[in-house]
Amino acid sequence: MSGVYRRHWPGDAGRPALALHCMLASGSYWGPISERLEGRIDLQGFDMPGHGRSDPWNPGPDDPDYHSAVTRLAASFINRPLDLIGHSMGATVALRIAIAAPEAVRSLTLIEPVLFAAVPGAAQAQPEMQIEQLLAEGREEDATRGFLAAWGSQGYDDLSERMQVQMRARIRLVAECTPTLAGDRPRILREDGLESIDAPVLLISGGDSPRVIHEIADALAARLPDVGRATVPDAGHMLPITHPDEVAGLIGVNLDRA
């Protein structure tokens, strides 16, 4: 796919890694994480379509859905086993890749994966479930405001006007991922899928994150063969940005396990 902005933080050439960011952000926030890892991994990333410095998401009639398109992009970076790191929606992409090609993953670090389908009863209460209705009513600002209140590091009114415009422009991409995150359209949770991942997995959560995040981690951890859990105190959903020291340290722990 053209128009995708790639990022690279050089490190140990023998230890390739790929980091996948969350919705309504960009891959730039992996830079401080990479600095703290001090070259232990050769880290690559990219800005998802419609995010950061990548071109807008304008799919054609034969193009895949957004989550599948991002998954294909991420898979294109993999030519040998690597350390795979994902945050939020990016973590669900990382998990999807690890299930499809477990032999390609050396270690898997999942930071707050928003795979709501893992806890279907709780999923319906999430802001993502309301975004489609708000957008259908033409209420982009309300949809964006609600999403950021639950998942952002800043509230909508704390952002600059330029950032507010960018967030409103991207909020439809969140709604587009609802069938995957809440309905598990790609069958990430299929029988024997999670169980097939033999790489060490680390699930990282923020202590102050929404309860559903911890419930998702519980559900995933119960099925993963080699899994660790970590909670960062006083951190919310955007902990890679707000707590880079702690997140980088935990990623390093999982790198050691592999």
# chains A, B, ... in the order shown; residues from 1 in each chain; ligands from 1
$ closest_atom_pairs --of "stretch 150-174 of chain A" --to "stretch 131-140 of chain A" --cutoff "10 Å" --atoms "only C-alpha atoms" --output "CSV"
residue,atom,partner,partner_atom,distance
A:Met167,CA,A:Glu140,CA,9.3
A:Arg168,CA,A:Glu140,CA,5.9
A:Ala169,CA,A:Glu140,CA,8.3
A:Arg170,CA,A:Glu140,CA,9.7
A:Ile171,CA,A:Glu140,CA,7.3
A:Arg172,CA,A:Leu135,CA,7.6
A:Val174,CA,A:Ile131,CA,8.0
$ residues_around --residues "stretch 61-69 of chain A" --least-positions-apart "6" --cutoff "10 Å" --atoms "only C-alpha atoms" --output "ChimeraX atom specification"
/A:1,48-49,75,89-90,92-93,96,173-174,176-181,185-186
$ residues_around --residues "stretch 200-208 of chain A" --least-positions-apart "6" --cutoff "6 Å" --atoms "only C-alpha atoms" --output "PyMOL selection string"
chain A and resi 107-112+226-236
$ closest_residue --among "A:Ala117, A:Gln166, A:Ala17, A:Asp157" --to "A:Gly183" --atoms "only C-alpha atoms"
A:Ala117
$ atom_distance --atom1 "atom CA of A:Val114" --atom2 "atom CA of A:Glu38"
28.5 Å
$ atom_distance --atom1 "atom CA of A:Trp151" --atom2 "atom CA of A:His237"
5.7 Å
$ select_by_dssp --residues "stretch 4-248 of chain A" --states "strand (DSSP E)" --output "MDAnalysis selection string"
chainID A and resid 6:9 16:20 42:46 82:87 105:111 201:206 227:232
$ closest_atom_pairs --of "stretch 165-211 of chain A" --to "stretch 215-225 of chain A" --cutoff "7 Å" --atoms "only C-alpha atoms" --output "Markdown table"
| residue | atom | partner | partner_atom | distance |
| --- | --- | --- | --- | --- |
| A:Leu194 | CA | A:Leu224 | CA | 5.6 |
| A:Glu195 | CA | A:Leu224 | CA | 5.4 |
| A:Ile197 | CA | A:Leu224 | CA | 7.0 |
| A:Asp198 | CA | A:Pro225 | CA | 6.6 |
| A:Leu203 | CA | A:Ala217 | CA | 6.6 |
| A:Arg211 | CA | A:Glu215 | CA | 6.5 |
$ write_last_selection --atoms "C-alpha atoms" --output "short mmCIF file (atom, residue, chain, number, x, y, z; two decimals), in the first residue's frame"
data_model
loop_
_atom_site.label_atom_id
_atom_site.label_comp_id
_atom_site.auth_asym_id
_atom_site.auth_seq_id
_atom_site.Cartn_x
_atom_site.Cartn_y
_atom_site.Cartn_z
CA LEU A 194 -4.38 -18.40 21.15
CA GLU A 195 -3.12 -21.78 22.27
CA ILE A 197 1.28 -19.08 20.21
CA ASP A 198 4.44 -20.58 21.69
CA LEU A 203 0.11 -8.46 28.76
CA ARG A 211 -12.21 -2.31 33.92
#
$ residues_around --residues "A:Val247" --least-positions-apart "3" --cutoff "9 Å" --atoms "only C-alpha atoms" --output "PyMOL selection string"
chain A and resi 33+111+204+232+239-240+243-244+250-252
$ write_last_selection --atoms "N, CA and C atoms" --output "compact mmCIF listing (two decimals), in the first residue's frame"
# COMPACT_ATOMS: atom_id res chain seq x y z
N ILE A 33 10.21 5.01 23.66
CA ILE A 33 10.34 3.63 24.14
C ILE A 33 11.65 3.03 23.62
N ILE A 111 0.04 -4.44 24.86
CA ILE A 111 -0.29 -3.36 25.79
C ILE A 111 -1.75 -2.99 25.60
N ILE A 204 0.35 -6.09 29.26
CA ILE A 204 0.59 -4.93 30.11
C ILE A 204 -0.68 -4.09 30.17
N VAL A 232 0.85 -1.31 35.39
CA VAL A 232 1.60 -0.10 35.70
C VAL A 232 0.73 0.78 36.59
N LEU A 239 -0.56 4.54 28.34
CA LEU A 239 0.66 4.42 29.13
C LEU A 239 1.96 4.40 28.32
N PRO A 240 2.00 3.97 27.04
CA PRO A 240 3.27 4.12 26.32
C PRO A 240 3.72 5.58 26.21
N HIS A 243 3.88 6.82 30.48
CA HIS A 243 4.79 6.07 31.34
C HIS A 243 5.81 5.28 30.51
N PRO A 244 6.60 5.97 29.68
CA PRO A 244 7.54 5.26 28.80
C PRO A 244 8.62 4.49 29.56
N LEU A 250 9.27 -3.04 30.98
CA LEU A 250 8.50 -4.28 30.87
C LEU A 250 8.72 -4.96 29.53
N ILE A 251 8.80 -4.18 28.46
CA ILE A 251 9.12 -4.76 27.16
C ILE A 251 10.47 -5.46 27.25
N GLY A 252 11.42 -4.83 27.93
CA GLY A 252 12.74 -5.45 28.09
C GLY A 252 12.67 -6.77 28.82
$ closest_residue --among "A:Val165, A:Leu255, A:Met238, A:Leu115" --to "A:Ala150" --atoms "only C-alpha atoms"
A:Met238
$ select_by_dssp --residues "stretch 61-215 of chain A" --states "alpha helix (DSSP H)" --output "number ranges by chain"
A: 66-75, 89-100, 120-123, 128-136, 140-151, 161-176, 178-181, 211-215
$ residues_around --residues "A:Arg36" --least-positions-apart "3" --cutoff "9 Å" --atoms "only C-alpha atoms" --output "PDB file with N, CA, C and O atoms, in the first residue's frame"
ATOM      1  N   GLY A  31       9.227   6.123  19.646  1.00  0.00           N
ATOM      2  CA  GLY A  31      10.580   6.665  19.709  1.00  0.00           C
ATOM      3  C   GLY A  31      11.138   6.709  21.122  1.00  0.00           C
ATOM      4  O   GLY A  31      12.247   6.196  21.383  1.00  0.00           O
ATOM      5  N   PRO A  32      10.436   7.310  22.086  1.00  0.00           N
ATOM      6  CA  PRO A  32      10.930   7.326  23.459  1.00  0.00           C
ATOM      7  C   PRO A  32      11.074   5.926  24.066  1.00  0.00           C
ATOM      8  O   PRO A  32      11.972   5.693  24.886  1.00  0.00           O
ATOM      9  N   ILE A  33      10.209   5.007  23.663  1.00  0.00           N
ATOM     10  CA  ILE A  33      10.343   3.627  24.143  1.00  0.00           C
ATOM     11  C   ILE A  33      11.645   3.028  23.618  1.00  0.00           C
ATOM     12  O   ILE A  33      12.417   2.404  24.355  1.00  0.00           O
ATOM     13  N   GLY A  39      18.964   0.378  22.078  1.00  0.00           N
ATOM     14  CA  GLY A  39      19.514  -0.395  20.978  1.00  0.00           C
ATOM     15  C   GLY A  39      19.404  -1.899  21.101  1.00  0.00           C
ATOM     16  O   GLY A  39      19.963  -2.629  20.273  1.00  0.00           O
ATOM     17  N   PRO A 244       6.603   5.974  29.682  1.00  0.00           N
ATOM     18  CA  PRO A 244       7.538   5.259  28.804  1.00  0.00           C
ATOM     19  C   PRO A 244       8.618   4.489  29.559  1.00  0.00           C
ATOM     20  O   PRO A 244       9.071   3.445  29.071  1.00  0.00           O
ATOM     21  N   ASP A 245       9.044   4.992  30.707  1.00  0.00           N
ATOM     22  CA  ASP A 245      10.076   4.264  31.465  1.00  0.00           C
ATOM     23  C   ASP A 245       9.580   2.886  31.864  1.00  0.00           C
ATOM     24  O   ASP A 245      10.265   1.871  31.668  1.00  0.00           O
ATOM     25  N   ALA A 248       8.876   0.605  28.707  1.00  0.00           N
ATOM     26  CA  ALA A 248      10.113   0.111  28.108  1.00  0.00           C
ATOM     27  C   ALA A 248      10.759  -0.953  28.987  1.00  0.00           C
ATOM     28  O   ALA A 248      11.273  -1.965  28.485  1.00  0.00           O
ATOM     29  N   GLY A 249      10.725  -0.745  30.292  1.00  0.00           N
ATOM     30  CA  GLY A 249      11.299  -1.741  31.191  1.00  0.00           C
ATOM     31  C   GLY A 249      10.585  -3.076  31.096  1.00  0.00           C
ATOM     32  O   GLY A 249      11.230  -4.140  31.097  1.00  0.00           O
TER      33      GLY A 249
END
$ atom_distance --atom1 "atom CA of A:Leu18" --atom2 "atom CA of A:His87"
11.5 Å
$ closest_residue --among "A:Gln164, A:Phe116, A:Ser209, A:Tyr156" --to "A:Ala182" --atoms "only C-alpha atoms"
A:Phe116
$ residues_around --residues "A:Gly14" --least-positions-apart "3" --cutoff "10 Å" --atoms "only C-alpha atoms" --output "PDB file with C-alpha atoms, in the first residue's frame"
ATOM      1  CA  GLY A  11      19.446  -1.078  17.047  1.00  0.00           C
ATOM      2  CA  ALA A  17      11.191  -5.817  16.122  1.00  0.00           C
ATOM      3  CA  ARG A  40      18.546  -3.847  22.225  1.00  0.00           C
ATOM      4  CA  ILE A  41      16.221  -4.227  19.247  1.00  0.00           C
ATOM      5  CA  ASP A  42      16.144  -2.880  15.707  1.00  0.00           C
ATOM      6  CA  LEU A  82      10.877 -10.854  15.366  1.00  0.00           C
TER       7      LEU A  82
END
$ closest_residue --among "A:Asp12, A:Gly121, A:Arg106, A:Ala101" --to "A:Arg257" --atoms "only C-alpha atoms"
A:Arg106
$ decode --residues "stretch 20-35 of chain A" --atoms "all heavy atoms" --output "PDB file, in the first residue's frame"
ATOM      1  N   LEU A  20       3.359  -1.492  16.864  1.00  0.00           N
ATOM      2  CA  LEU A  20       2.105  -1.072  16.241  1.00  0.00           C
ATOM      3  C   LEU A  20       1.338  -0.163  17.192  1.00  0.00           C
ATOM      4  O   LEU A  20       1.045  -0.552  18.330  1.00  0.00           O
ATOM      5  CB  LEU A  20       1.267  -2.300  15.885  1.00  0.00           C
ATOM      6  CG  LEU A  20       2.001  -3.346  15.021  1.00  0.00           C
ATOM      7  CD1 LEU A  20       1.183  -4.616  14.911  1.00  0.00           C
ATOM      8  CD2 LEU A  20       2.307  -2.779  13.639  1.00  0.00           C
ATOM      9  N   HIS A  21       0.997   1.034  16.715  1.00  0.00           N
ATOM     10  CA  HIS A  21       0.402   2.044  17.594  1.00  0.00           C
ATOM     11  C   HIS A  21      -1.111   1.891  17.703  1.00  0.00           C
ATOM     12  O   HIS A  21      -1.740   1.045  17.045  1.00  0.00           O
ATOM     13  CB  HIS A  21       0.782   3.444  17.107  1.00  0.00           C
ATOM     14  CG  HIS A  21       0.174   3.853  15.789  1.00  0.00           C
ATOM     15  ND1 HIS A  21      -1.119   4.316  15.674  1.00  0.00           N
ATOM     16  CD2 HIS A  21       0.694   3.901  14.524  1.00  0.00           C
ATOM     17  CE1 HIS A  21      -1.375   4.632  14.417  1.00  0.00           C
ATOM     18  NE2 HIS A  21      -0.295   4.382  13.684  1.00  0.00           N
ATOM     19  N   CYS A  22      -1.712   2.751  18.520  1.00  0.00           N
ATOM     20  CA  CYS A  22      -3.154   2.722  18.766  1.00  0.00           C
ATOM     21  C   CYS A  22      -3.887   3.623  17.770  1.00  0.00           C
ATOM     22  O   CYS A  22      -3.277   4.335  16.976  1.00  0.00           O
ATOM     23  CB  CYS A  22      -3.440   3.184  20.193  1.00  0.00           C
ATOM     24  SG  CYS A  22      -3.076   4.938  20.479  1.00  0.00           S
ATOM     25  N   MET A  23      -5.198   3.621  17.839  1.00  0.00           N
ATOM     26  CA  MET A  23      -6.010   4.486  16.991  1.00  0.00           C
ATOM     27  C   MET A  23      -5.896   5.937  17.442  1.00  0.00           C
ATOM     28  O   MET A  23      -5.693   6.237  18.619  1.00  0.00           O
ATOM     29  CB  MET A  23      -7.474   4.054  17.043  1.00  0.00           C
ATOM     30  CG  MET A  23      -7.741   2.667  16.495  1.00  0.00           C
ATOM     31  SD  MET A  23      -7.461   2.564  14.712  1.00  0.00           S
ATOM     32  CE  MET A  23      -8.963   3.312  14.084  1.00  0.00           C
ATOM     33  N   LEU A  24      -6.054   6.847  16.485  1.00  0.00           N
ATOM     34  CA  LEU A  24      -6.034   8.294  16.685  1.00  0.00           C
ATOM     35  C   LEU A  24      -4.683   8.802  17.173  1.00  0.00           C
ATOM     36  O   LEU A  24      -4.599   9.852  17.813  1.00  0.00           O
ATOM     37  CB  LEU A  24      -7.147   8.747  17.651  1.00  0.00           C
ATOM     38  CG  LEU A  24      -8.576   8.331  17.325  1.00  0.00           C
ATOM     39  CD1 LEU A  24      -9.563   9.133  18.175  1.00  0.00           C
ATOM     40  CD2 LEU A  24      -8.909   8.495  15.858  1.00  0.00           C
ATOM     41  N   ALA A  25      -3.611   8.063  16.880  1.00  0.00           N
ATOM     42  CA  ALA A  25      -2.265   8.491  17.257  1.00  0.00           C
ATOM     43  C   ALA A  25      -1.355   8.257  16.056  1.00  0.00           C
ATOM     44  O   ALA A  25      -1.791   8.309  14.914  1.00  0.00           O
ATOM     45  CB  ALA A  25      -1.789   7.732  18.495  1.00  0.00           C
ATOM     46  N   SER A  26      -0.079   8.020  16.308  1.00  0.00           N
ATOM     47  CA  SER A  26       0.866   7.690  15.242  1.00  0.00           C
ATOM     48  C   SER A  26       1.981   6.855  15.837  1.00  0.00           C
ATOM     49  O   SER A  26       2.090   6.714  17.065  1.00  0.00           O
ATOM     50  CB  SER A  26       1.438   8.952  14.594  1.00  0.00           C
ATOM     51  OG  SER A  26       2.399   9.564  15.450  1.00  0.00           O
ATOM     52  N   GLY A  27       2.838   6.336  14.959  1.00  0.00           N
ATOM     53  CA  GLY A  27       3.942   5.516  15.435  1.00  0.00           C
ATOM     54  C   GLY A  27       5.028   6.291  16.146  1.00  0.00           C
ATOM     55  O   GLY A  27       5.958   5.693  16.696  1.00  0.00           O
ATOM     56  N   SER A  28       4.926   7.615  16.183  1.00  0.00           N
ATOM     57  CA  SER A  28       5.992   8.429  16.760  1.00  0.00           C
ATOM     58  C   SER A  28       6.235   8.123  18.229  1.00  0.00           C
ATOM     59  O   SER A  28       7.355   8.290  18.721  1.00  0.00           O
ATOM     60  CB  SER A  28       5.672   9.918  16.585  1.00  0.00           C
ATOM     61  OG  SER A  28       4.482  10.266  17.263  1.00  0.00           O
ATOM     62  N   TYR A  29       5.197   7.671  18.950  1.00  0.00           N
ATOM     63  CA  TYR A  29       5.403   7.504  20.393  1.00  0.00           C
ATOM     64  C   TYR A  29       6.251   6.289  20.750  1.00  0.00           C
ATOM     65  O   TYR A  29       6.613   6.105  21.923  1.00  0.00           O
ATOM     66  CB  TYR A  29       4.078   7.507  21.162  1.00  0.00           C
ATOM     67  CG  TYR A  29       3.087   6.388  20.942  1.00  0.00           C
ATOM     68  CD1 TYR A  29       3.306   5.094  21.376  1.00  0.00           C
ATOM     69  CD2 TYR A  29       1.842   6.674  20.372  1.00  0.00           C
ATOM     70  CE1 TYR A  29       2.348   4.100  21.227  1.00  0.00           C
ATOM     71  CE2 TYR A  29       0.875   5.702  20.215  1.00  0.00           C
ATOM     72  CZ  TYR A  29       1.131   4.413  20.646  1.00  0.00           C
ATOM     73  OH  TYR A  29       0.165   3.434  20.510  1.00  0.00           O
ATOM     74  N   TRP A  30       6.607   5.474  19.749  1.00  0.00           N
ATOM     75  CA  TRP A  30       7.548   4.389  20.042  1.00  0.00           C
ATOM     76  C   TRP A  30       8.986   4.895  20.109  1.00  0.00           C
ATOM     77  O   TRP A  30       9.867   4.175  20.579  1.00  0.00           O
ATOM     78  CB  TRP A  30       7.430   3.290  18.987  1.00  0.00           C
ATOM     79  CG  TRP A  30       6.092   2.624  18.967  1.00  0.00           C
ATOM     80  CD1 TRP A  30       5.178   2.646  17.950  1.00  0.00           C
ATOM     81  CD2 TRP A  30       5.496   1.833  20.001  1.00  0.00           C
ATOM     82  NE1 TRP A  30       4.053   1.918  18.295  1.00  0.00           N
ATOM     83  CE2 TRP A  30       4.225   1.411  19.551  1.00  0.00           C
ATOM     84  CE3 TRP A  30       5.917   1.444  21.280  1.00  0.00           C
ATOM     85  CZ2 TRP A  30       3.379   0.623  20.317  1.00  0.00           C
ATOM     86  CZ3 TRP A  30       5.067   0.653  22.049  1.00  0.00           C
ATOM     87  CH2 TRP A  30       3.824   0.258  21.570  1.00  0.00           C
ATOM     88  N   GLY A  31       9.227   6.123  19.646  1.00  0.00           N
ATOM     89  CA  GLY A  31      10.580   6.665  19.709  1.00  0.00           C
ATOM     90  C   GLY A  31      11.138   6.709  21.122  1.00  0.00           C
ATOM     91  O   GLY A  31      12.247   6.196  21.383  1.00  0.00           O
ATOM     92  N   PRO A  32      10.436   7.310  22.086  1.00  0.00           N
ATOM     93  CA  PRO A  32      10.930   7.326  23.459  1.00  0.00           C
ATOM     94  C   PRO A  32      11.074   5.926  24.066  1.00  0.00           C
ATOM     95  O   PRO A  32      11.972   5.693  24.886  1.00  0.00           O
ATOM     96  CB  PRO A  32       9.868   8.146  24.204  1.00  0.00           C
ATOM     97  CG  PRO A  32       9.280   9.030  23.151  1.00  0.00           C
ATOM     98  CD  PRO A  32       9.261   8.193  21.913  1.00  0.00           C
ATOM     99  N   ILE A  33      10.209   5.007  23.663  1.00  0.00           N
ATOM    100  CA  ILE A  33      10.343   3.627  24.143  1.00  0.00           C
ATOM    101  C   ILE A  33      11.645   3.028  23.618  1.00  0.00           C
ATOM    102  O   ILE A  33      12.417   2.404  24.355  1.00  0.00           O
ATOM    103  CB  ILE A  33       9.142   2.781  23.670  1.00  0.00           C
ATOM    104  CG1 ILE A  33       7.818   3.361  24.175  1.00  0.00           C
ATOM    105  CG2 ILE A  33       9.312   1.321  24.111  1.00  0.00           C
ATOM    106  CD1 ILE A  33       7.571   3.255  25.634  1.00  0.00           C
ATOM    107  N   SER A  34      11.911   3.233  22.315  1.00  0.00           N
ATOM    108  CA  SER A  34      13.126   2.700  21.714  1.00  0.00           C
ATOM    109  C   SER A  34      14.367   3.289  22.378  1.00  0.00           C
ATOM    110  O   SER A  34      15.351   2.566  22.641  1.00  0.00           O
ATOM    111  CB  SER A  34      13.140   3.005  20.215  1.00  0.00           C
ATOM    112  OG  SER A  34      14.323   2.541  19.614  1.00  0.00           O
ATOM    113  N   GLU A  35      14.354   4.584  22.655  1.00  0.00           N
ATOM    114  CA  GLU A  35      15.499   5.215  23.318  1.00  0.00           C
ATOM    115  C   GLU A  35      15.803   4.533  24.643  1.00  0.00           C
ATOM    116  O   GLU A  35      16.967   4.296  24.986  1.00  0.00           O
ATOM    117  CB  GLU A  35      15.215   6.696  23.548  1.00  0.00           C
ATOM    118  CG  GLU A  35      15.205   7.535  22.282  1.00  0.00           C
ATOM    119  CD  GLU A  35      14.842   8.979  22.574  1.00  0.00           C
ATOM    120  OE1 GLU A  35      14.750   9.330  23.777  1.00  0.00           O
ATOM    121  OE2 GLU A  35      14.638   9.741  21.619  1.00  0.00           O
TER     122      GLU A  35
END
